[in-house]
>>> print(open('final_20.json').read())   # JSON, N, CA and C atoms
[["chain", "number", "residue", "atom", "x", "y", "z"],
["A", 1, "MET", "N", -6.61, -12.60, 1.20],
["A", 1, "MET", "CA", -5.85, -11.38, 1.46],
["A", 1, "MET", "C", -5.52, -10.64, 0.17],
["A", 2, "SER", "N", -5.32, -11.37, -0.93],
["A", 2, "SER", "CA", -4.96, -10.72, -2.18],
["A", 2, "SER", "C", -6.08, -9.82, -2.70],
["A", 3, "VAL", "N", -7.33, -10.13, -2.34],
["A", 3, "VAL", "CA", -8.45, -9.29, -2.75],
["A", 3, "VAL", "C", -8.35, -7.92, -2.08],
["A", 4, "LEU", "N", -7.88, -7.88, -0.85],
["A", 4, "LEU", "CA", -7.76, -6.63, -0.11],
["A", 4, "LEU", "C", -6.60, -5.78, -0.61],
["A", 5, "LEU", "N", -5.66, -6.38, -1.32],
["A", 5, "LEU", "CA", -4.48, -5.64, -1.78],
["A", 5, "LEU", "C", -4.64, -5.10, -3.20],
["A", 6, "ARG", "N", -5.85, -5.08, -3.71],
["A", 6, "ARG", "CA", -6.07, -4.49, -5.04],
["A", 6, "ARG", "C", -6.19, -2.98, -4.90],
["A", 7, "ARG", "N", -5.76, -2.27, -5.93],
["A", 7, "ARG", "CA", -5.78, -0.80, -5.91],
["A", 7, "ARG", "C", -7.15, -0.21, -5.58],
["A", 8, "PRO", "N", -8.23, -0.66, -6.24],
["A", 8, "PRO", "CA", -9.53, -0.05, -5.92],
["A", 8, "PRO", "C", -9.95, -0.25, -4.46],
["A", 9, "VAL", "N", -9.66, -1.41, -3.90],
["A", 9, "VAL", "CA", -10.03, -1.67, -2.51],
["A", 9, "VAL", "C", -9.25, -0.74, -1.58],
["A", 10, "LEU", "N", -7.97, -0.59, -1.84],
["A", 10, "LEU", "CA", -7.14, 0.30, -1.02],
["A", 10, "LEU", "C", -7.58, 1.75, -1.19],
["A", 11, "ARG", "N", -7.88, 2.16, -2.42],
["A", 11, "ARG", "CA", -8.30, 3.53, -2.68],
["A", 11, "ARG", "C", -9.60, 3.85, -1.94],
["A", 12, "TYR", "N", -10.60, 2.97, -2.07],
["A", 12, "TYR", "CA", -11.88, 3.23, -1.39],
["A", 12, "TYR", "C", -11.74, 3.12, 0.12],
["A", 13, "GLY", "N", -10.85, 2.26, 0.58],
["A", 13, "GLY", "CA", -10.58, 2.19, 2.02],
["A", 13, "GLY", "C", -9.98, 3.50, 2.52],
["A", 14, "SER", "N", -9.10, 4.08, 1.74],
["A", 14, "SER", "CA", -8.51, 5.36, 2.11],
["A", 14, "SER", "C", -9.55, 6.47, 2.11],
["A", 15, "TYR", "N", -10.43, 6.46, 1.12],
["A", 15, "TYR", "CA", -11.50, 7.46, 1.08],
["A", 15, "TYR", "C", -12.44, 7.31, 2.29],
["A", 16, "ALA", "N", -12.77, 6.06, 2.64],
["A", 16, "ALA", "CA", -13.63, 5.82, 3.80],
["A", 16, "ALA", "C", -12.95, 6.30, 5.08],
["A", 17, "HIS", "N", -11.65, 6.07, 5.18],
["A", 17, "HIS", "CA", -10.90, 6.52, 6.35],
["A", 17, "HIS", "C", -10.92, 8.05, 6.45],
["A", 18, "SER", "N", -10.83, 8.72, 5.32],
["A", 18, "SER", "CA", -10.90, 10.19, 5.32],
["A", 18, "SER", "C", -12.28, 10.68, 5.76],
["A", 19, "ILE", "N", -13.32, 9.98, 5.35],
["A", 19, "ILE", "CA", -14.68, 10.36, 5.76],
["A", 19, "ILE", "C", -14.85, 10.19, 7.28],
["A", 20, "VAL", "N", -14.34, 9.07, 7.80],
["A", 20, "VAL", "CA", -14.41, 8.84, 9.25],
["A", 20, "VAL", "C", -13.65, 9.94, 9.99],
["A", 21, "TYR", "N", -12.49, 10.31, 9.48],
["A", 21, "TYR", "CA", -11.68, 11.35, 10.12],
["A", 21, "TYR", "C", -12.39, 12.71, 10.08],
["A", 22, "THR", "N", -13.05, 13.00, 8.96],
["A", 22, "THR", "CA", -13.81, 14.25, 8.85],
["A", 22, "THR", "C", -14.93, 14.28, 9.89],
["A", 23, "ALA", "N", -15.63, 13.15, 10.01],
["A", 23, "ALA", "CA", -16.70, 13.07, 11.02],
["A", 23, "ALA", "C", -16.12, 13.19, 12.43],
["A", 24, "LEU", "N", -14.95, 12.63, 12.67],
["A", 24, "LEU", "CA", -14.30, 12.74, 13.97],
["A", 24, "LEU", "C", -13.95, 14.20, 14.29],
["A", 25, "LEU", "N", -13.41, 14.91, 13.30],
["A", 25, "LEU", "CA", -13.10, 16.32, 13.52],
["A", 25, "LEU", "C", -14.37, 17.13, 13.80],
["A", 26, "TRP", "N", -15.42, 16.86, 13.04],
["A", 26, "TRP", "CA", -16.69, 17.56, 13.27],
["A", 26, "TRP", "C", -17.19, 17.30, 14.69],
["A", 27, "ALA", "N", -17.18, 16.04, 15.10],
["A", 27, "ALA", "CA", -17.67, 15.68, 16.43],
["A", 27, "ALA", "C", -16.82, 16.32, 17.52],
["A", 28, "ALA", "N", -15.51, 16.38, 17.29],
["A", 28, "ALA", "CA", -14.63, 16.97, 18.30],
["A", 28, "ALA", "C", -14.86, 18.47, 18.44],
["A", 29, "PHE", "N", -15.07, 19.15, 17.33],
["A", 29, "PHE", "CA", -15.25, 20.60, 17.38],
["A", 29, "PHE", "C", -16.65, 21.01, 17.83],
["A", 30, "THR", "N", -17.60, 20.09, 17.76],
["A", 30, "THR", "CA", -18.97, 20.43, 18.18],
["A", 30, "THR", "C", -19.33, 19.78, 19.51],
["A", 31, "ASP", "N", -18.34, 19.30, 20.25],
["A", 31, "ASP", "CA", -18.52, 18.74, 21.60],
["A", 31, "ASP", "C", -19.49, 17.57, 21.67],
["A", 32, "HIS", "N", -19.36, 16.63, 20.76],
["A", 32, "HIS", "CA", -20.13, 15.39, 20.81],
["A", 32, "HIS", "C", -19.21, 14.28, 21.35],
["A", 33, "GLU", "N", -19.04, 14.26, 22.66],
["A", 33, "GLU", "CA", -18.06, 13.37, 23.29],
["A", 33, "GLU", "C", -18.30, 11.89, 23.02],
["A", 34, "GLY", "N", -19.55, 11.45, 23.02],
["A", 34, "GLY", "CA", -19.84, 10.04, 22.77],
["A", 34, "GLY", "C", -19.43, 9.60, 21.38],
["A", 35, "ILE", "N", -19.69, 10.47, 20.41],
["A", 35, "ILE", "CA", -19.32, 10.15, 19.03],
["A", 35, "ILE", "C", -17.80, 10.20, 18.85],
["A", 36, "VAL", "N", -17.16, 11.13, 19.55],
["A", 36, "VAL", "CA", -15.70, 11.27, 19.45],
["A", 36, "VAL", "C", -15.01, 10.00, 19.89],
["A", 37, "SER", "N", -15.46, 9.41, 20.99],
["A", 37, "SER", "CA", -14.79, 8.20, 21.47],
["A", 37, "SER", "C", -14.95, 7.05, 20.49],
["A", 38, "VAL", "N", -16.12, 6.90, 19.89],
["A", 38, "VAL", "CA", -16.34, 5.83, 18.91],
["A", 38, "VAL", "C", -15.53, 6.08, 17.65],
["A", 39, "LEU", "N", -15.64, 7.29, 17.09],
["A", 39, "LEU", "CA", -14.92, 7.60, 15.85],
["A", 39, "LEU", "C", -13.41, 7.61, 16.06],
["A", 40, "GLY", "N", -12.97, 7.96, 17.25],
["A", 40, "GLY", "CA", -11.53, 7.90, 17.55],
["A", 40, "GLY", "C", -11.00, 6.48, 17.43],
["A", 41, "TRP", "N", -11.75, 5.52, 17.98],
["A", 41, "TRP", "CA", -11.36, 4.12, 17.86],
["A", 41, "TRP", "C", -11.42, 3.64, 16.40],
["A", 42, "VAL", "N", -12.48, 4.04, 15.70],
["A", 42, "VAL", "CA", -12.61, 3.63, 14.29],
["A", 42, "VAL", "C", -11.45, 4.20, 13.47],
["A", 43, "HIS", "N", -11.11, 5.46, 13.73],
["A", 43, "HIS", "CA", -9.98, 6.08, 13.03],
["A", 43, "HIS", "C", -8.67, 5.36, 13.36],
["A", 44, "GLY", "N", -8.43, 5.09, 14.63],
["A", 44, "GLY", "CA", -7.19, 4.44, 15.03],
["A", 44, "GLY", "C", -7.04, 3.04, 14.46],
["A", 45, "ILE", "N", -8.08, 2.25, 14.56],
["A", 45, "ILE", "CA", -8.03, 0.88, 14.01],
["A", 45, "ILE", "C", -7.97, 0.94, 12.49],
["A", 46, "GLY", "N", -8.71, 1.88, 11.90],
["A", 46, "GLY", "CA", -8.66, 2.04, 10.44],
["A", 46, "GLY", "C", -7.28, 2.40, 9.95],
["A", 47, "TRP", "N", -6.59, 3.27, 10.70],
["A", 47, "TRP", "CA", -5.23, 3.65, 10.31],
["A", 47, "TRP", "C", -4.29, 2.46, 10.39],
["A", 48, "ILE", "N", -4.42, 1.66, 11.45],
["A", 48, "ILE", "CA", -3.56, 0.48, 11.58],
["A", 48, "ILE", "C", -3.81, -0.50, 10.44],
["A", 49, "VAL", "N", -5.08, -0.77, 10.14],
["A", 49, "VAL", "CA", -5.42, -1.71, 9.06],
["A", 49, "VAL", "C", -4.93, -1.18, 7.72],
["A", 50, "MET", "N", -5.21, 0.11, 7.43],
["A", 50, "MET", "CA", -4.77, 0.69, 6.16],
["A", 50, "MET", "C", -3.24, 0.68, 6.04],
["A", 51, "SER", "N", -2.56, 0.95, 7.14],
["A", 51, "SER", "CA", -1.09, 0.95, 7.12],
["A", 51, "SER", "C", -0.56, -0.45, 6.79],
["A", 52, "LEU", "N", -1.09, -1.45, 7.47],
["A", 52, "LEU", "CA", -0.62, -2.83, 7.22],
["A", 52, "LEU", "C", -0.94, -3.27, 5.79],
["A", 53, "LEU", "N", -2.14, -2.95, 5.32],
["A", 53, "LEU", "CA", -2.50, -3.32, 3.94],
["A", 53, "LEU", "C", -1.62, -2.60, 2.92],
["A", 54, "CYS", "N", -1.37, -1.32, 3.13],
["A", 54, "CYS", "CA", -0.55, -0.57, 2.18],
["A", 54, "CYS", "C", 0.91, -1.02, 2.21],
["A", 55, "LEU", "N", 1.41, -1.35, 3.38],
["A", 55, "LEU", "CA", 2.79, -1.87, 3.44],
["A", 55, "LEU", "C", 2.89, -3.21, 2.72],
["A", 56, "ALA", "N", 1.88, -4.07, 2.89],
["A", 56, "ALA", "CA", 1.87, -5.34, 2.15],
["A", 56, "ALA", "C", 1.73, -5.10, 0.65],
["A", 57, "ALA", "N", 0.94, -4.09, 0.27],
["A", 57, "ALA", "CA", 0.78, -3.76, -1.15],
["A", 57, "ALA", "C", 2.07, -3.22, -1.75],
["A", 58, "VAL", "N", 2.83, -2.46, -0.97],
["A", 58, "VAL", "CA", 4.13, -1.98, -1.45],
["A", 58, "VAL", "C", 5.07, -3.16, -1.63],
["A", 59, "LYS", "N", 5.06, -4.08, -0.69],
["A", 59, "LYS", "CA", 5.93, -5.25, -0.78],
["A", 59, "LYS", "C", 5.62, -6.09, -2.02],
["A", 60, "ARG", "N", 4.33, -6.18, -2.38],
["A", 60, "ARG", "CA", 3.92, -6.94, -3.56],
["A", 60, "ARG", "C", 3.91, -6.09, -4.83],
["A", 61, "ARG", "N", 4.36, -4.85, -4.72],
["A", 61, "ARG", "CA", 4.44, -3.91, -5.84],
["A", 61, "ARG", "C", 3.09, -3.58, -6.48],
["A", 62, "VAL", "N", 2.07, -3.52, -5.64],
["A", 62, "VAL", "CA", 0.74, -3.13, -6.11],
["A", 62, "VAL", "C", 0.65, -1.61, -6.16],
["A", 63, "ILE", "N", 1.25, -0.96, -5.17],
["A", 63, "ILE", "CA", 1.30, 0.50, -5.13],
["A", 63, "ILE", "C", 2.76, 0.92, -4.97],
["A", 64, "PRO", "N", 3.11, 2.15, -5.39],
["A", 64, "PRO", "CA", 4.50, 2.60, -5.23],
["A", 64, "PRO", "C", 4.83, 2.91, -3.77],
["A", 65, "PRO", "N", 6.11, 2.87, -3.44],
["A", 65, "PRO", "CA", 6.52, 3.11, -2.05],
["A", 65, "PRO", "C", 6.09, 4.48, -1.51],
["A", 66, "TRP", "N", 6.14, 5.53, -2.33],
["A", 66, "TRP", "CA", 5.77, 6.86, -1.83],
["A", 66, "TRP", "C", 4.32, 6.88, -1.35],
["A", 67, "LEU", "N", 3.45, 6.12, -2.02],
["A", 67, "LEU", "CA", 2.04, 6.08, -1.63],
["A", 67, "LEU", "C", 1.87, 5.32, -0.32],
["A", 68, "GLY", "N", 2.63, 4.24, -0.14],
["A", 68, "GLY", "CA", 2.60, 3.52, 1.12],
["A", 68, "GLY", "C", 3.03, 4.39, 2.29],
["A", 69, "VAL", "N", 4.04, 5.23, 2.07],
["A", 69, "VAL", "CA", 4.50, 6.15, 3.10],
["A", 69, "VAL", "C", 3.42, 7.19, 3.40],
["A", 70, "MET", "N", 2.77, 7.69, 2.35],
["A", 70, "MET", "CA", 1.71, 8.68, 2.56],
["A", 70, "MET", "C", 0.61, 8.13, 3.46],
["A", 71, "VAL", "N", 0.23, 6.87, 3.23],
["A", 71, "VAL", "CA", -0.85, 6.28, 4.01],
["A", 71, "VAL", "C", -0.36, 5.89, 5.40],
["A", 72, "ALA", "N", 0.77, 5.20, 5.49],
["A", 72, "ALA", "CA", 1.22, 4.64, 6.77],
["A", 72, "ALA", "C", 1.80, 5.69, 7.72],
["A", 73, "VAL", "N", 2.57, 6.64, 7.20],
["A", 73, "VAL", "CA", 3.24, 7.59, 8.08],
["A", 73, "VAL", "C", 2.39, 8.84, 8.28],
["A", 74, "ILE", "N", 2.03, 9.48, 7.20],
["A", 74, "ILE", "CA", 1.29, 10.74, 7.30],
["A", 74, "ILE", "C", -0.18, 10.48, 7.60],
["A", 75, "GLY", "N", -0.71, 9.32, 7.22],
["A", 75, "GLY", "CA", -2.12, 9.00, 7.40],
["A", 75, "GLY", "C", -2.57, 8.93, 8.85],
["A", 76, "GLY", "N", -1.67, 8.71, 9.78],
["A", 76, "GLY", "CA", -2.05, 8.69, 11.19],
["A", 76, "GLY", "C", -2.48, 10.05, 11.69],
["A", 77, "VAL", "N", -1.91, 11.09, 11.13],
["A", 77, "VAL", "CA", -2.24, 12.45, 11.53],
["A", 77, "VAL", "C", -3.36, 13.01, 10.66],
["A", 78, "GLY", "N", -3.29, 12.73, 9.37],
["A", 78, "GLY", "CA", -4.31, 13.23, 8.45],
["A", 78, "GLY", "C", -4.48, 12.28, 7.28],
["A", 79, "PRO", "N", -5.52, 11.45, 7.30],
["A", 79, "PRO", "CA", -5.70, 10.47, 6.23],
["A", 79, "PRO", "C", -6.00, 11.11, 4.87],
["A", 80, "PHE", "N", -6.20, 12.43, 4.85],
["A", 80, "PHE", "CA", -6.44, 13.08, 3.56],
["A", 80, "PHE", "C", -5.22, 12.95, 2.66],
["A", 81, "ALA", "N", -4.04, 12.89, 3.25],
["A", 81, "ALA", "CA", -2.82, 12.75, 2.46],
["A", 81, "ALA", "C", -2.84, 11.44, 1.67],
["A", 82, "GLY", "N", -3.27, 10.36, 2.29],
["A", 82, "GLY", "CA", -3.36, 9.08, 1.59],
["A", 82, "GLY", "C", -4.40, 9.11, 0.49],
["A", 83, "SER", "N", -5.54, 9.75, 0.76],
["A", 83, "SER", "CA", -6.59, 9.84, -0.25],
["A", 83, "SER", "C", -6.13, 10.67, -1.45],
["A", 84, "ILE", "N", -5.46, 11.77, -1.17],
["A", 84, "ILE", "CA", -4.91, 12.59, -2.26],
["A", 84, "ILE", "C", -3.85, 11.81, -3.02],
["A", 85, "GLY", "N", -3.04, 11.05, -2.29],
["A", 85, "GLY", "CA", -2.02, 10.22, -2.95],
["A", 85, "GLY", "C", -2.64, 9.18, -3.87],
["A", 86, "PHE", "N", -3.71, 8.52, -3.42],
["A", 86, "PHE", "CA", -4.38, 7.54, -4.28],
["A", 86, "PHE", "C", -4.98, 8.22, -5.51],
["A", 87, "TYR", "N", -5.55, 9.40, -5.33],
["A", 87, "TYR", "CA", -6.11, 10.13, -6.47],
["A", 87, "TYR", "C", -5.01, 10.46, -7.48],
["A", 88, "LEU", "N", -3.88, 10.99, -7.00],
["A", 88, "LEU", "CA", -2.79, 11.36, -7.90],
["A", 88, "LEU", "C", -2.20, 10.13, -8.60],
["A", 89, "GLU", "N", -2.08, 9.02, -7.88],
["A", 89, "GLU", "CA", -1.53, 7.81, -8.48],
["A", 89, "GLU", "C", -2.47, 7.26, -9.57],
["A", 90, "GLU", "N", -3.77, 7.26, -9.30],
["A", 90, "GLU", "CA", -4.73, 6.80, -10.32],
["A", 90, "GLU", "C", -4.70, 7.70, -11.55],
["A", 91, "ARG", "N", -4.58, 8.98, -11.31],
["A", 91, "ARG", "CA", -4.49, 9.92, -12.44],
["A", 91, "ARG", "C", -3.23, 9.68, -13.26],
["A", 92, "ARG", "N", -2.11, 9.43, -12.58],
["A", 92, "ARG", "CA", -0.85, 9.15, -13.27],
["A", 92, "ARG", "C", -0.95, 7.87, -14.09],
["A", 93, "VAL", "N", -1.56, 6.83, -13.51],
["A", 93, "VAL", "CA", -1.70, 5.56, -14.22],
["A", 93, "VAL", "C", -2.60, 5.73, -15.44],
["A", 94, "ARG", "N", -3.69, 6.48, -15.28],
["A", 94, "ARG", "CA", -4.60, 6.72, -16.42],
["A", 94, "ARG", "C", -3.89, 7.47, -17.54],
["A", 95, "GLN", "N", -3.08, 8.46, -17.20],
["A", 95, "GLN", "CA", -2.36, 9.22, -18.23],
["A", 95, "GLN", "C", -1.30, 8.36, -18.92],
["A", 96, "ARG", "N", -0.69, 7.48, -18.17],
["A", 96, "ARG", "CA", 0.34, 6.63, -18.74],
["A", 96, "ARG", "C", -0.24, 5.59, -19.69],
["A", 97, "THR", "N", -1.42, 5.07, -19.37],
["A", 97, "THR", "CA", -2.02, 4.03, -20.20],
["A", 97, "THR", "C", -2.82, 4.60, -21.37],
["A", 98, "ARG", "N", -3.10, 5.89, -21.35],
["A", 98, "ARG", "CA", -3.83, 6.52, -22.44],
["A", 98, "ARG", "C", -2.93, 6.58, -23.67],
["A", 99, "SER", "N", -3.48, 6.19, -24.80],
["A", 99, "SER", "CA", -2.68, 6.21, -26.02],
["A", 99, "SER", "C", -2.50, 7.65, -26.50],
["A", 100, "PRO", "N", -1.32, 7.96, -26.98],
["A", 100, "PRO", "CA", -1.08, 9.34, -27.43],
["A", 100, "PRO", "C", -1.91, 9.65, -28.69],
["A", 101, "ARG", "N", -2.37, 10.86, -28.76],
["A", 101, "ARG", "CA", -3.15, 11.27, -29.92],
["A", 101, "ARG", "C", -2.22, 11.52, -31.10],
["A", 102, "PRO", "N", -2.67, 11.14, -32.27],
["A", 102, "PRO", "CA", -1.83, 11.43, -33.43],
["A", 102, "PRO", "C", -1.83, 12.92, -33.73],
["A", 103, "ALA", "N", -0.71, 13.39, -34.23],
["A", 103, "ALA", "CA", -0.60, 14.79, -34.58],
["A", 103, "ALA", "C", -1.52, 15.09, -35.75],
["A", 104, "VAL", "N", -2.20, 16.18, -35.68],
["A", 104, "VAL", "CA", -3.13, 16.56, -36.75],
["A", 104, "VAL", "C", -2.51, 17.69, -37.53],
["A", 105, "GLU", "N", -2.46, 17.50, -38.82],
["A", 105, "GLU", "CA", -1.92, 18.52, -39.70],
["A", 105, "GLU", "C", -3.06, 19.31, -40.28],
["A", 106, "LYS", "N", -2.94, 20.61, -40.21],
["A", 106, "LYS", "CA", -3.98, 21.43, -40.79],
["A", 106, "LYS", "C", -3.61, 21.71, -42.25],
["A", 107, "VAL", "N", -4.48, 21.33, -43.13],
["A", 107, "VAL", "CA", -4.25, 21.54, -44.57],
["A", 107, "VAL", "C", -5.22, 22.62, -45.03],
["A", 108, "SER", "N", -4.66, 23.66, -45.68],
["A", 108, "SER", "CA", -5.55, 24.71, -46.15],
["A", 108, "SER", "C", -5.76, 24.67, -47.63]]
>>> encode(input="final_20.json", output="structure tokens")
Amino acid sequence: MSVLLRRPVLRYGSYAHSIVYTALLWAAFTDHEGIVSVLGWVHGIGWIVMSLLCLAAVKRRVIPPWLGVMVAVIGGVGPFAGSIGFYLEERRVRQRTRSPRPAVEKVS
């Protein structure tokens, strides 16, 4: 279970969920009823799995609470919120771990 609670696994799971949701919207708007029923189930089960994994990750302090809320609460309606949240969190972590550049003095 600890392998599933790593940031990259959760991030790519969120991205995959967004892709499934995009395909579901496309199928719904283009009247592909057979695909809609399959993708609807995949989206629903995917949301439940992602919600449980993200709540466990929040409990273990792998991801911040706001990101868990984005995935678990808002992700049921639009999983893009969770994907955007993972992107913003990764960007924040990268900026925090980046070493500051030394000030450069211009000498004439």
>>> select_by_dssp(input="final_20.json", residues="segment 20-102 of chain A", states="alpha helix (DSSP H)", output="PyMOL selection string")
chain A and resi 20-29+33-59+65-72+80-97
>>> atom_distance(input="final_20.json", atom1="atom CA of Gly85 of chain A", atom2="atom C of Val69 of chain A")
8.9 Å
>>> closest_residue(input="final_20.json", among="A:Val93, A:Val20, A:Ala81, A:Val49", to="Pro64 of chain A", atoms="only C-alpha atoms")
A:Val93
>>> closest_residue(input="final_20.json", among="A:Tyr12, A:Trp26, A:Phe86, A:Trp41", to="Pro65 of chain A", atoms="only C-alpha atoms")
A:Phe86
>>> atom_distance(input="final_20.json", atom1="atom CA of Leu88 of chain A", atom2="atom C of Ser2 of chain A")
22.1 Å
>>> atom_distance(input="final_20.json", atom1="atom N of Leu55 of chain A", atom2="atom N of His17 of chain A")
15.1 Å
>>> residues_near_point(input="final_20.json", point="(0.3, 5.8, -10.9)", cutoff="12 Å", atoms="only C-alpha atoms", output="compact mmCIF listing (two decimals) with N, CA and C atoms, keeping the file's coordinate frame")
# COMPACT_ATOMS: atom_id res chain seq x y z
N ARG A 7 -5.76 -2.27 -5.93
CA ARG A 7 -5.78 -0.80 -5.91
C ARG A 7 -7.15 -0.21 -5.58
N ARG A 61 4.36 -4.85 -4.72
CA ARG A 61 4.44 -3.91 -5.84
C ARG A 61 3.09 -3.58 -6.48
N VAL A 62 2.07 -3.52 -5.64
CA VAL A 62 0.74 -3.13 -6.11
C VAL A 62 0.65 -1.61 -6.16
N ILE A 63 1.25 -0.96 -5.17
CA ILE A 63 1.30 0.50 -5.13
C ILE A 63 2.76 0.92 -4.97
N PRO A 64 3.11 2.15 -5.39
CA PRO A 64 4.50 2.60 -5.23
C PRO A 64 4.83 2.91 -3.77
N PRO A 65 6.11 2.87 -3.44
CA PRO A 65 6.52 3.11 -2.05
C PRO A 65 6.09 4.48 -1.51
N TRP A 66 6.14 5.53 -2.33
CA TRP A 66 5.77 6.86 -1.83
C TRP A 66 4.32 6.88 -1.35
N LEU A 67 3.45 6.12 -2.02
CA LEU A 67 2.04 6.08 -1.63
C LEU A 67 1.87 5.32 -0.32
N GLY A 85 -3.04 11.05 -2.29
CA GLY A 85 -2.02 10.22 -2.95
C GLY A 85 -2.64 9.18 -3.87
N PHE A 86 -3.71 8.52 -3.42
CA PHE A 86 -4.38 7.54 -4.28
C PHE A 86 -4.98 8.22 -5.51
N TYR A 87 -5.55 9.40 -5.33
CA TYR A 87 -6.11 10.13 -6.47
C TYR A 87 -5.01 10.46 -7.48
N LEU A 88 -3.88 10.99 -7.00
CA LEU A 88 -2.79 11.36 -7.90
C LEU A 88 -2.20 10.13 -8.60
N GLU A 89 -2.08 9.02 -7.88
CA GLU A 89 -1.53 7.81 -8.48
C GLU A 89 -2.47 7.26 -9.57
N GLU A 90 -3.77 7.26 -9.30
CA GLU A 90 -4.73 6.80 -10.32
C GLU A 90 -4.70 7.70 -11.55
N ARG A 91 -4.58 8.98 -11.31
CA ARG A 91 -4.49 9.92 -12.44
C ARG A 91 -3.23 9.68 -13.26
N ARG A 92 -2.11 9.43 -12.58
CA ARG A 92 -0.85 9.15 -13.27
C ARG A 92 -0.95 7.87 -14.09
N VAL A 93 -1.56 6.83 -13.51
CA VAL A 93 -1.70 5.56 -14.22
C VAL A 93 -2.60 5.73 -15.44
N ARG A 94 -3.69 6.48 -15.28
CA ARG A 94 -4.60 6.72 -16.42
C ARG A 94 -3.89 7.47 -17.54
N GLN A 95 -3.08 8.46 -17.20
CA GLN A 95 -2.36 9.22 -18.23
C GLN A 95 -1.30 8.36 -18.92
N ARG A 96 -0.69 7.48 -18.17
CA ARG A 96 0.34 6.63 -18.74
C ARG A 96 -0.24 5.59 -19.69
N THR A 97 -1.42 5.07 -19.37
CA THR A 97 -2.02 4.03 -20.20
C THR A 97 -2.82 4.60 -21.37
>>> closest_residue(input="final_20.json", among="A:Val9, A:Val71, A:Ala57, A:Leu39", to="Tyr21 of chain A", atoms="only N, CA and C atoms")
A:Leu39
>>> closest_residue(input="final_20.json", among="A:Leu24, A:Val73, A:Leu10, A:Leu4", to="Val42 of chain A", atoms="only C-alpha atoms")
A:Leu24
>>> residues_around(input="final_20.json", residues="Cys54 of chain A", least_positions_apart="4", cutoff="5 Å", atoms="all atoms listed in the file", output="VMD selection string")
chain A and resid 50 58 68
>>> closest_residue(input="final_20.json", among="A:Val77, A:Ala72, A:Val3, A:Ile19", to="Ile48 of chain A", atoms="only C-alpha atoms")
A:Ala72
